[in-house]
Amino acid sequence: MAVDAGNTAWVLISAALVFIMTPAVGFFYGGMLGKKNVLSILGQTIIIIGMVTLIWVTVGFTLAFGGNGQDLIGNFDWIMLDKVGIEPLAPYDFTSVPGILFMMFQGMFAIITVALIIGGVAERMKLKALVIFLFVWTLAIYIPVAHWVWGGGWIAQLGALDFAGGTVVHITAGVSVLAAVLVLGKRSTLSNGGVEMAHNIPFVVLGGALLWIGWFGFNGGSALAADGIAANAFVVTMVAGATAAVVWGIVSWLHLGRPGVLGMISGAIAGLVAITPACGYVNVTGAIVIGLGAGVFCYAGILLKKRFDYDDALDVFGVHGVGGTWGAIATGLLATGTLASSSQGLLYGGGFDLLVSQLIAVVVVYAFAFSVTFVILKVMKMVMVVRVTKEEERIGADIIQHGENAYS
Amino acid sequence: MAVDAGNTAWVLISAALVFIMTPAVGFFYGGMLGKKNVLSILGQTIIIIGMVTLIWVTVGFTLAFGGNGQDLIGNFDWIMLDKVGIEPLAPYDFTSVPGILFMMFQGMFAIITVALIIGGVAERMKLKALVIFLFVWTLAIYIPVAHWVWGGGWIAQLGALDFAGGTVVHITAGVSVLAAVLVLGKRSTLSNGGVEMAHNIPFVVLGGALLWIGWFGFNGGSALAADGIAANAFVVTMVAGATAAVVWGIVSWLHLGRPGVLGMISGAIAGLVAITPACGYVNVTGAIVIGLGAGVFCYAGILLKKRFDYDDALDVFGVHGVGGTWGAIATGLLATGTLASSSQGLLYGGGFDLLVSQLIAVVVVYAFAFSVTFVILKVMKMVMVVRVTKEEERIGADIIQHGENAYS
Amino acid sequence: MAVDAGNTAWVLISAALVFIMTPAVGFFYGGMLGKKNVLSILGQTIIIIGMVTLIWVTVGFTLAFGGNGQDLIGNFDWIMLDKVGIEPLAPYDFTSVPGILFMMFQGMFAIITVALIIGGVAERMKLKALVIFLFVWTLAIYIPVAHWVWGGGWIAQLGALDFAGGTVVHITAGVSVLAAVLVLGKRSTLSNGGVEMAHNIPFVVLGGALLWIGWFGFNGGSALAADGIAANAFVVTMVAGATAAVVWGIVSWLHLGRPGVLGMISGAIAGLVAITPACGYVNVTGAIVIGLGAGVFCYAGILLKKRFDYDDALDVFGVHGVGGTWGAIATGLLATGTLASSSQGLLYGGGFDLLVSQLIAVVVVYAFAFSVTFVILKVMKMVMVVRVTKEEERIGADIIQHGENAYS
Amino acid sequence: MMKVEAIIRPERLGATKSALEEKGIHGMTVTEVHGRGEQKGLEFTHRAGKFRVDMLPKVKVEIVVKDHQVDVVVDAICTSARTGEVGDGKIFLIPVEKVIRVRTGEAED
Amino acid sequence: MMKVEAIIRPERLGATKSALEEKGIHGMTVTEVHGRGEQKGLEFTHRAGKFRVDMLPKVKVEIVVKDHQVDVVVDAICTSARTGEVGDGKIFLIPVEKVIRVRTGEAED
Amino acid sequence: MMKVEAIIRPERLGATKSALEEKGIHGMTVTEVHGRGEQKGLEFTHRAGKFRVDMLPKVKVEIVVKDHQVDVVVDAICTSARTGEVGDGKIFLIPVEKVIRVRTGEAED
Ligand SMILES: Nc1ncnc2c1ncn2[C@@H]1O[C@H](COP(=O)(O)OP(=O)(O)O)[C@@H](O)[C@H]1O
Ligand SMILES: Nc1ncnc2c1ncn2[C@@H]1O[C@H](COP(=O)(O)OP(=O)(O)O)[C@@H](O)[C@H]1O
Ligand SMILES: Nc1ncnc2c1ncn2[C@@H]1O[C@H](COP(=O)(O)OP(=O)(O)O)[C@@H](O)[C@H]1O
């Protein structure tokens, strides 16, 4: 197919919108931490943008999207972007956008996924160890799972649906954080019962708002065309985020007597996470249901942390893990069969087929992401110092790792 | 008409740009308040996004845009978005964008309009009362007026022009704030002569800058196509904002001896407001005139507040009411007749016809918005507690309503 | 050529993205200054948006882009945008976007270029003098150079390449700052050995992130179409920025023992600057090389300042001057000849032709920008007070020039 | 001379300033502080839960006055800053040996 | 009464609060300050270089106690806030003539 | 020992630090405060008008020195922080009973 200007315009801007999500995550997370750790988060987002981009254009893209049809991993046909040019790239040329743009749009997803992780393990890892961990994680977890789902791997063949990355993005990040914090242990400041207030909630809202607008590109752009599917993805994204924000507000009003602003923006993010896998397949009614579930389940997901006493600093599992899981399952319930896929969910007359595929995909990715992350960090702990000292933790990562103060 | 990718790409991104205007208003307003009320404004923007989205997809869109040709209000043909799908939606199918996208683009306008109001009534209403007020306001004022102007109602039939919402958005919000603050009364902190400095002017500029970029989608996207009209709307938007910012700076230099940054960004917003109804009909010369008028009239509009001693906290009437009015009238003066409509303004040889239609629309919407808002709040005051106590006002809405501090 | 919706959509959004770069520069620069000068920078960006827009729509556009084929400067054919309308504008009608949009897209470049300068001369000029200087600078330097390169002037005829403004934007701004700080002298606070910490590094990152997303429109939009060239420009922009951020981090790790966040985001900007002239001509491999060079050379460029003891406050020469120069030269080395131009760089078999043209363009623009800026400011110093007093410098521009405090 | 150092609720600062002004006391220095005392902190909401903050924002007002004015100042503060709830704050009286005006260099004991 | 005014490292505040609590000392007022002393500042990174900041963030903790409690308080702070490196801070003992509780107006000498 | 507590203009802090250094006085603690005195506030611009702020940003510099150094310190501050306009600030001398160094626990009277 030849390059179409309208579709290319939309994928170009969508890629830019997904790009902004990574600094946005920096503000969303950074604002929630104390002011002696905000720069470290922002700095990590910059490092991740740099590192993952370089991984992606060298070997990442070809390993994830090359060898379409191979079960487990791509090949090296497009190494160093060989043959990836300004024409649509077979077998992805149904998109009518330049191959190099398709490559970059997908690369933006890799970046933001890696960036999600830093909120969970915040305030305890040495920068060098963190960078090594994320480097290995990208190669060992993100790229294979992306291949399975979007590169024609076994999950795609199974028929499981994941329009914009519920499994690839949110479950991998959320579950890996869970494994990581088990290996790493809690922050010492936290073990002392210290609670740190968010140092700048307006930054959290700013990050959340930029994430939200970015999500229109993330989900809408995943149609890879400016068509009705993109429009539907855009709309259900809006509706699910809006619903979950309101639901979170109501739940916390009932639970705590007041709706917190931090809570409502987190609710919005939870809704956006949950609609991600579903947005190409469900309608607005489905989106309301998904938003509703996201508000309730992710709220509960955060409470889990207290119950099981692990230190997922900024609730990456509670929001992204739980939200992504709910979205993947909800796709199996609510897919209409009239949008980007003809598979119907259980509630739309499709029987259990789709739902079962969704569950298989979720379970396997859980097991894979958890165990591989666990192993990576265990090995790292044996060969190098992974954590900062207690004194360094108290002084804060901004001074210790970067020699900077955020504000003066 | 079939879906066109180029036009759809532009309306998709325009909808995203209008979306960001609501958090942007949160920063624009929140930065101007003291630091104990900033979260309450940001939180309200999130609540409004959630609530108005849900109103819109259930009954709002159909009541505003259904029943095209009915004078006063739409119908329930599209309730719960029934029949609103991924194909263009008759009778709005001249747009060649998916019906569901047309719906959402219009929904974004409803959201931002409601959000404008919170700046006027800031720092005094109980959150629950505010939410009820805005809920009723959306149904009782925004939706009817949107129908009158854009849904084929009586103002559309009259031939009055309002390209992107001078009357629908800015006059309704501005005038309603005037009515609301008369019913609610002044903030007690203000009655004590207390002046509160803006706590974070960079946030005001950030909000203003995001509003400005959002306005390109607001005005340019209202062409509902990526064509010459959209381009013209984009350019005159830029020019009017730029002109008004400079004019405001000069006026305050003459008046106060110094141009304030808060003033200049407010001037830009005033220019953007004023060009809104006109942007599909005037050329760059017209835009300069409109920007000039906006800078002068809205500056004067803010001074009105002191003269008449009402407490429109962040000058929603002074900027949006006055600016929207000037823009609506200026459309009747400066419409060239060669762009999105063949009606010509007084100065372009069209005689008084258009000007009179514009004035009728303005006067009726003034009367409608003012009186309905007045009644809503009077009734609410009789049945519930609408204002916070003086002590709560002093402590600030962030702690009182949300249990949070913006910064720590 | 008729207006094409897809291309128009992309240029519309690109223009909006370039717009946001100017406030973004305000945050990038403002965060690096102390908190008593942040508003002055933000205010100046607003003034520049206003002033340059008005210059551009009256005489700027026609002087830069009119009279295509004239060596030194355009003509007055399109004065007050006469004949610039909603149809494509000959001889630029290869773009298939409305003439008025082409005009505005180019106008956004003028705005951001002028805004770059204020970081270099920060904290010492009287506002009135600064405004006069920038007004004259726009007419006397930006517009001629834009004509030379993009308006069919002598550099275009020479065959030198500058896809999105390495010479026009970054070299003119960077070199002019060098001349300006020599004429103006150092800040007195600095002469006392005072070092001022960045008052808000998160704002620097915010500004940097917004600059980065804006750059996708800046470089990608310069294709003036949503095609493969735009996609290539987008991708190499991303890769060069990413590479330079990482390289800067590594260099400062080696040099200082720690990678600063301020450094890494500056590195990203350096990479984005350097890819600007090249982005229509080089591939991803070229982008990695350019990013690498940008990280190293601009780091060294900042160190120059200490060596030669001039007071370029926020390193406009070090980053934009050096980066733009490197990018212009690198274009002569790395142009593939298969993208937006058939000229090949030295390393791609094109011999020295292109490289020599690039060097001529660079040298002449250096000489022109330096000497004209020098003369403008020398003359201004003779006829008016250009600098604030030492006492005013100490109190800070926010209070002195605007009567405002950024935070309270 | 005596320094009257009062730690009060931030939201009472306005009233306290007015009360002092009525007594003709104009000069003062104000600092944002955090404090705790009998008041056992305040509950804040988090995303999904509450937490208790034991150090609450307070305002420190320092007023240096002649010894005979101390009672007036203390009374004015006590009346204007009081809400009657725990957390109203404390006033410390600290002897000052000398006061010098920077502008003129003149001293007062 | 005596005011114990301690300038300590911000990262030791938590430990200091706990140490005081163990001794039954609950009331205190905390201020963010910048200070310098023997400690010759700290090196910070800039975009491309380092610079030295001589005024470092410290925390001032003020605790007004009865004279007989002073030693306990001083000991608790010294032990908990100490790292042994230059920059640990100073404690100043300042006599307080009277303490008044705003809520009740009652005074204590 | 004596605590010299000076409230000065923020823009004079640099000069004051230098002046003290010349006299060999290095240790000090600095706090951002707001104050008012003879100075009747400052006019600020708003969007469309001016307003007066009566509490202006000042800097509090605290220097604890031996009694015999007090005059030197006071002189140095007066000279370096003075602009001659209203609002230059005040210096308060407050007796300090004892100074303890946290790092070593050693005391000085
Ligand atoms: N012993 C103390 N030393 C220093 N500051 C104190 C002391 N006790 C109380 N404060 C300050 O006074 C504030 C109010 O004290 P609190 O005991 O809560 O009020 P109340 O006296 O009304 O019960 C505290 O937040 C703290 O800043
Ligand atoms: N003479 C002084 N007057 C006021 N504050 C002081 C004085 N000396 C030290 N300080 C405060 O104590 C802090 C720590 O002092 P420093 O001399 O660095 O520590 P140490 O005593 O452990 O060497 C300083 O940052 C400053 O805030
Ligand atoms: N009586 C006072 N008690 C406490 N602080 C004071 C007092 N008088 C002045 N100050 C502080 O000193 C600052 C400067 O005082 P001001 O009277 O304006 O200066 P000047 O003495 O030069 O006229 C004030 O802003 C305030 O912080």
# chains A, B, ... in the order shown; residues from 1 in each chain; ligands from 1
call {"tool": "closest_atom_pairs", "arguments": {"of": "chain E", "to": "ligand 2", "cutoff": "8 Å", "atoms": "only C-alpha atoms and all ligand atoms", "output": "JSON lines"}}
result
{"residue": "E:Ile7", "atom": "CA", "partner": "ligand 2", "partner_atom_place_in_ligand_line": "12 (O)", "distance": 5.3}
{"residue": "E:Ile8", "atom": "CA", "partner": "ligand 2", "partner_atom_place_in_ligand_line": "13 (C)", "distance": 6.6}
{"residue": "E:Arg9", "atom": "CA", "partner": "ligand 2", "partner_atom_place_in_ligand_line": "14 (C)", "distance": 7.9}
{"residue": "E:Val33", "atom": "CA", "partner": "ligand 2", "partner_atom_place_in_ligand_line": "27 (O)", "distance": 7.2}
{"residue": "E:His34", "atom": "CA", "partner": "ligand 2", "partner_atom_place_in_ligand_line": "27 (O)", "distance": 5.9}
{"residue": "E:Gly35", "atom": "CA", "partner": "ligand 2", "partner_atom_place_in_ligand_line": "27 (O)", "distance": 3.1}
{"residue": "E:Arg36", "atom": "CA", "partner": "ligand 2", "partner_atom_place_in_ligand_line": "25 (O)", "distance": 3.5}
{"residue": "E:Gly37", "atom": "CA", "partner": "ligand 2", "partner_atom_place_in_ligand_line": "17 (O)", "distance": 3.3}
{"residue": "E:Glu38", "atom": "CA", "partner": "ligand 2", "partner_atom_place_in_ligand_line": "17 (O)", "distance": 3.6}
{"residue": "E:Gln39", "atom": "CA", "partner": "ligand 2", "partner_atom_place_in_ligand_line": "18 (O)", "distance": 3.8}
{"residue": "E:Lys40", "atom": "CA", "partner": "ligand 2", "partner_atom_place_in_ligand_line": "18 (O)", "distance": 7.2}
{"residue": "E:Met55", "atom": "CA", "partner": "ligand 2", "partner_atom_place_in_ligand_line": "25 (O)", "distance": 6.9}
{"residue": "E:Leu56", "atom": "CA", "partner": "ligand 2", "partner_atom_place_in_ligand_line": "25 (O)", "distance": 6.2}
{"residue": "E:Pro57", "atom": "CA", "partner": "ligand 2", "partner_atom_place_in_ligand_line": "25 (O)", "distance": 7.5}
{"residue": "E:Lys58", "atom": "CA", "partner": "ligand 2", "partner_atom_place_in_ligand_line": "27 (O)", "distance": 6.2}
{"residue": "E:Gly84", "atom": "CA", "partner": "ligand 2", "partner_atom_place_in_ligand_line": "22 (O)", "distance": 7.4}
{"residue": "E:Glu85", "atom": "CA", "partner": "ligand 2", "partner_atom_place_in_ligand_line": "22 (O)", "distance": 6.4}
{"residue": "E:Val86", "atom": "CA", "partner": "ligand 2", "partner_atom_place_in_ligand_line": "23 (O)", "distance": 4.0}
{"residue": "E:Gly87", "atom": "CA", "partner": "ligand 2", "partner_atom_place_in_ligand_line": "19 (O)", "distance": 3.3}
{"residue": "E:Asp88", "atom": "CA", "partner": "ligand 2", "partner_atom_place_in_ligand_line": "22 (O)", "distance": 3.7}
{"residue": "E:Gly89", "atom": "CA", "partner": "ligand 2", "partner_atom_place_in_ligand_line": "14 (C)", "distance": 3.3}
{"residue": "E:Lys90", "atom": "CA", "partner": "ligand 2", "partner_atom_place_in_ligand_line": "12 (O)", "distance": 4.8}
{"residue": "E:Ile91", "atom": "CA", "partner": "ligand 2", "partner_atom_place_in_ligand_line": "12 (O)", "distance": 7.9}
call {"tool": "write_last_selection", "arguments": {"atoms": "N, CA, C and O atoms", "output": "PDB file, in the first residue's frame"}}
result
ATOM      1  N   ILE E   7      20.551  23.256  65.128  1.00  0.00           N
ATOM      2  CA  ILE E   7      20.653  23.276  63.668  1.00  0.00           C
ATOM      3  C   ILE E   7      21.242  21.935  63.268  1.00  0.00           C
ATOM      4  O   ILE E   7      22.384  21.636  63.619  1.00  0.00           O
ATOM      5  N   ILE E   8      20.460  21.114  62.563  1.00  0.00           N
ATOM      6  CA  ILE E   8      20.952  19.762  62.246  1.00  0.00           C
ATOM      7  C   ILE E   8      20.789  19.458  60.751  1.00  0.00           C
ATOM      8  O   ILE E   8      20.222  20.243  60.004  1.00  0.00           O
ATOM      9  N   ARG E   9      21.302  18.312  60.359  1.00  0.00           N
ATOM     10  CA  ARG E   9      21.133  17.862  58.974  1.00  0.00           C
ATOM     11  C   ARG E   9      19.675  17.472  58.726  1.00  0.00           C
ATOM     12  O   ARG E   9      19.104  16.735  59.549  1.00  0.00           O
ATOM     13  N   VAL E  33      16.196  25.925  57.070  1.00  0.00           N
ATOM     14  CA  VAL E  33      17.158  27.023  57.009  1.00  0.00           C
ATOM     15  C   VAL E  33      18.328  26.609  56.110  1.00  0.00           C
ATOM     16  O   VAL E  33      18.393  25.471  55.642  1.00  0.00           O
ATOM     17  N   HIS E  34      19.180  27.547  55.853  1.00  0.00           N
ATOM     18  CA  HIS E  34      20.445  27.238  55.188  1.00  0.00           C
ATOM     19  C   HIS E  34      21.565  27.705  56.091  1.00  0.00           C
ATOM     20  O   HIS E  34      21.445  28.737  56.732  1.00  0.00           O
ATOM     21  N   GLY E  35      22.642  26.928  56.113  1.00  0.00           N
ATOM     22  CA  GLY E  35      23.688  27.344  57.027  1.00  0.00           C
ATOM     23  C   GLY E  35      25.073  27.025  56.523  1.00  0.00           C
ATOM     24  O   GLY E  35      25.256  26.280  55.567  1.00  0.00           O
ATOM     25  N   ARG E  36      26.040  27.654  57.166  1.00  0.00           N
ATOM     26  CA  ARG E  36      27.416  27.238  56.932  1.00  0.00           C
ATOM     27  C   ARG E  36      28.207  27.379  58.209  1.00  0.00           C
ATOM     28  O   ARG E  36      27.842  28.141  59.112  1.00  0.00           O
ATOM     29  N   GLY E  37      29.262  26.609  58.282  1.00  0.00           N
ATOM     30  CA  GLY E  37      30.079  26.636  59.493  1.00  0.00           C
ATOM     31  C   GLY E  37      31.444  26.112  59.107  1.00  0.00           C
ATOM     32  O   GLY E  37      32.054  26.593  58.161  1.00  0.00           O
ATOM     33  N   GLU E  38      31.881  25.096  59.814  1.00  0.00           N
ATOM     34  CA  GLU E  38      33.162  24.477  59.477  1.00  0.00           C
ATOM     35  C   GLU E  38      33.081  23.803  58.107  1.00  0.00           C
ATOM     36  O   GLU E  38      34.043  23.758  57.355  1.00  0.00           O
ATOM     37  N   GLN E  39      31.902  23.272  57.873  1.00  0.00           N
ATOM     38  CA  GLN E  39      31.679  22.556  56.619  1.00  0.00           C
ATOM     39  C   GLN E  39      31.851  23.543  55.466  1.00  0.00           C
ATOM     40  O   GLN E  39      31.229  24.585  55.431  1.00  0.00           O
ATOM     41  N   LYS E  40      32.717  23.180  54.542  1.00  0.00           N
ATOM     42  CA  LYS E  40      33.042  24.156  53.498  1.00  0.00           C
ATOM     43  C   LYS E  40      32.132  24.036  52.268  1.00  0.00           C
ATOM     44  O   LYS E  40      32.561  24.197  51.139  1.00  0.00           O
ATOM     45  N   MET E  55      26.205  27.585  51.268  1.00  0.00           N
ATOM     46  CA  MET E  55      25.089  27.521  52.221  1.00  0.00           C
ATOM     47  C   MET E  55      24.303  26.239  51.958  1.00  0.00           C
ATOM     48  O   MET E  55      23.675  26.092  50.913  1.00  0.00           O
ATOM     49  N   LEU E  56      24.329  25.361  52.920  1.00  0.00           N
ATOM     50  CA  LEU E  56      23.662  24.073  52.724  1.00  0.00           C
ATOM     51  C   LEU E  56      22.338  24.014  53.470  1.00  0.00           C
ATOM     52  O   LEU E  56      22.181  24.647  54.508  1.00  0.00           O
ATOM     53  N   PRO E  57      21.397  23.245  52.963  1.00  0.00           N
ATOM     54  CA  PRO E  57      20.120  23.091  53.656  1.00  0.00           C
ATOM     55  C   PRO E  57      20.319  22.429  55.016  1.00  0.00           C
ATOM     56  O   PRO E  57      21.008  21.407  55.121  1.00  0.00           O
ATOM     57  N   LYS E  58      19.783  23.053  56.033  1.00  0.00           N
ATOM     58  CA  LYS E  58      19.789  22.477  57.370  1.00  0.00           C
ATOM     59  C   LYS E  58      18.383  22.603  57.922  1.00  0.00           C
ATOM     60  O   LYS E  58      17.524  23.251  57.316  1.00  0.00           O
ATOM     61  N   GLY E  84      29.119  12.291  62.665  1.00  0.00           N
ATOM     62  CA  GLY E  84      30.557  12.296  62.879  1.00  0.00           C
ATOM     63  C   GLY E  84      31.314  13.058  61.810  1.00  0.00           C
ATOM     64  O   GLY E  84      32.510  13.292  61.927  1.00  0.00           O
ATOM     65  N   GLU E  85      30.627  13.443  60.778  1.00  0.00           N
ATOM     66  CA  GLU E  85      31.267  14.226  59.707  1.00  0.00           C
ATOM     67  C   GLU E  85      31.041  15.717  59.977  1.00  0.00           C
ATOM     68  O   GLU E  85      30.045  16.101  60.608  1.00  0.00           O
ATOM     69  N   VAL E  86      31.910  16.532  59.410  1.00  0.00           N
ATOM     70  CA  VAL E  86      31.707  17.975  59.548  1.00  0.00           C
ATOM     71  C   VAL E  86      30.345  18.342  58.992  1.00  0.00           C
ATOM     72  O   VAL E  86      29.918  17.806  57.977  1.00  0.00           O
ATOM     73  N   GLY E  87      29.652  19.255  59.675  1.00  0.00           N
ATOM     74  CA  GLY E  87      28.348  19.689  59.189  1.00  0.00           C
ATOM     75  C   GLY E  87      27.197  19.168  60.023  1.00  0.00           C
ATOM     76  O   GLY E  87      26.032  19.384  59.703  1.00  0.00           O
ATOM     77  N   ASP E  88      27.544  18.487  61.132  1.00  0.00           N
ATOM     78  CA  ASP E  88      26.480  17.921  61.966  1.00  0.00           C
ATOM     79  C   ASP E  88      25.641  18.977  62.656  1.00  0.00           C
ATOM     80  O   ASP E  88      24.488  18.733  62.990  1.00  0.00           O
ATOM     81  N   GLY E  89      26.235  20.159  62.873  1.00  0.00           N
ATOM     82  CA  GLY E  89      25.416  21.242  63.386  1.00  0.00           C
ATOM     83  C   GLY E  89      25.743  21.680  64.802  1.00  0.00           C
ATOM     84  O   GLY E  89      26.697  21.209  65.420  1.00  0.00           O
ATOM     85  N   LYS E  90      24.923  22.595  65.278  1.00  0.00           N
ATOM     86  CA  LYS E  90      25.153  23.260  66.552  1.00  0.00           C
ATOM     87  C   LYS E  90      23.854  23.307  67.331  1.00  0.00           C
ATOM     88  O   LYS E  90      22.772  23.313  66.763  1.00  0.00           O
ATOM     89  N   ILE E  91      24.017  23.369  68.644  1.00  0.00           N
ATOM     90  CA  ILE E  91      22.846  23.593  69.506  1.00  0.00           C
ATOM     91  C   ILE E  91      23.087  24.856  70.315  1.00  0.00           C
ATOM     92  O   ILE E  91      24.158  25.029  70.910  1.00  0.00           O
TER      93      ILE E  91
END
call {"tool": "select_by_dssp", "arguments": {"residues": "chain D", "states": "strand (DSSP E or B)", "output": "PyMOL selection string"}}
result
chain D and resi 2-8+28-36+42-46+49-53+56-65+90-95+98-101+107-108
call {"tool": "select_by_dssp", "arguments": {"residues": "region 211-280 of chain A", "states": "alpha helix (DSSP H)", "output": "PyMOL selection string"}}
result
chain A and resi 211-215+228-256+261-275
call {"tool": "closest_residue", "arguments": {"among": "E:Asp109, E:Glu62, E:Glu5, E:Asp67", "to": "ligand 1", "atoms": "only C-alpha atoms and all ligand atoms"}}
result
E:Glu62
call {"tool": "atom_distance", "arguments": {"atom1": "CA of Leu304 (chain B)", "atom2": "CA of Val322 (chain B)"}}
result
10.5 Å
call {"tool": "residues_around", "arguments": {"residues": "Gln69 (chain F)", "least_positions_apart": "4", "cutoff": "12 Å", "atoms": "only C-alpha atoms", "output": "ChimeraX atom specification"}}
result
/F:1-4,20,23-25,63-65,73-76,93
call {"tool": "residues_around", "arguments": {"residues": "Thr331 (chain B)", "least_positions_apart": "5", "cutoff": "8 Å", "atoms": "only C-alpha atoms", "output": "PDB file with N, CA and C atoms, in the first residue's frame"}}
result
ATOM      1  N   LEU B 161     -23.799  34.101  13.655  1.00  0.00           N
ATOM      2  CA  LEU B 161     -22.612  33.271  13.466  1.00  0.00           C
ATOM      3  C   LEU B 161     -21.849  33.113  14.774  1.00  0.00           C
ATOM      4  N   PRO B 277     -15.582  33.331  18.291  1.00  0.00           N
ATOM      5  CA  PRO B 277     -16.774  33.290  17.431  1.00  0.00           C
ATOM      6  C   PRO B 277     -16.473  33.707  15.994  1.00  0.00           C
ATOM      7  N   ALA B 278     -15.408  34.492  15.817  1.00  0.00           N
ATOM      8  CA  ALA B 278     -15.148  35.139  14.537  1.00  0.00           C
ATOM      9  C   ALA B 278     -14.212  34.358  13.636  1.00  0.00           C
ATOM     10  N   TYR B 281     -14.628  33.505   9.996  1.00  0.00           N
ATOM     11  CA  TYR B 281     -15.235  34.502   9.119  1.00  0.00           C
ATOM     12  C   TYR B 281     -14.361  35.722   8.854  1.00  0.00           C
ATOM     13  N   VAL B 282     -13.345  35.946   9.686  1.00  0.00           N
ATOM     14  CA  VAL B 282     -12.552  37.171   9.529  1.00  0.00           C
ATOM     15  C   VAL B 282     -11.153  36.844   9.020  1.00  0.00           C
ATOM     16  N   GLY B 345     -20.037  41.262   7.326  1.00  0.00           N
ATOM     17  CA  GLY B 345     -20.202  42.180   8.439  1.00  0.00           C
ATOM     18  C   GLY B 345     -20.413  43.601   7.942  1.00  0.00           C
ATOM     19  N   LEU B 355     -25.010  41.989  11.994  1.00  0.00           N
ATOM     20  CA  LEU B 355     -24.756  42.625  13.284  1.00  0.00           C
ATOM     21  C   LEU B 355     -25.968  42.517  14.193  1.00  0.00           C
ATOM     22  N   GLN B 358     -26.345  39.045  15.475  1.00  0.00           N
ATOM     23  CA  GLN B 358     -25.349  38.799  16.518  1.00  0.00           C
ATOM     24  C   GLN B 358     -25.815  39.402  17.844  1.00  0.00           C
TER      25      GLN B 358
END
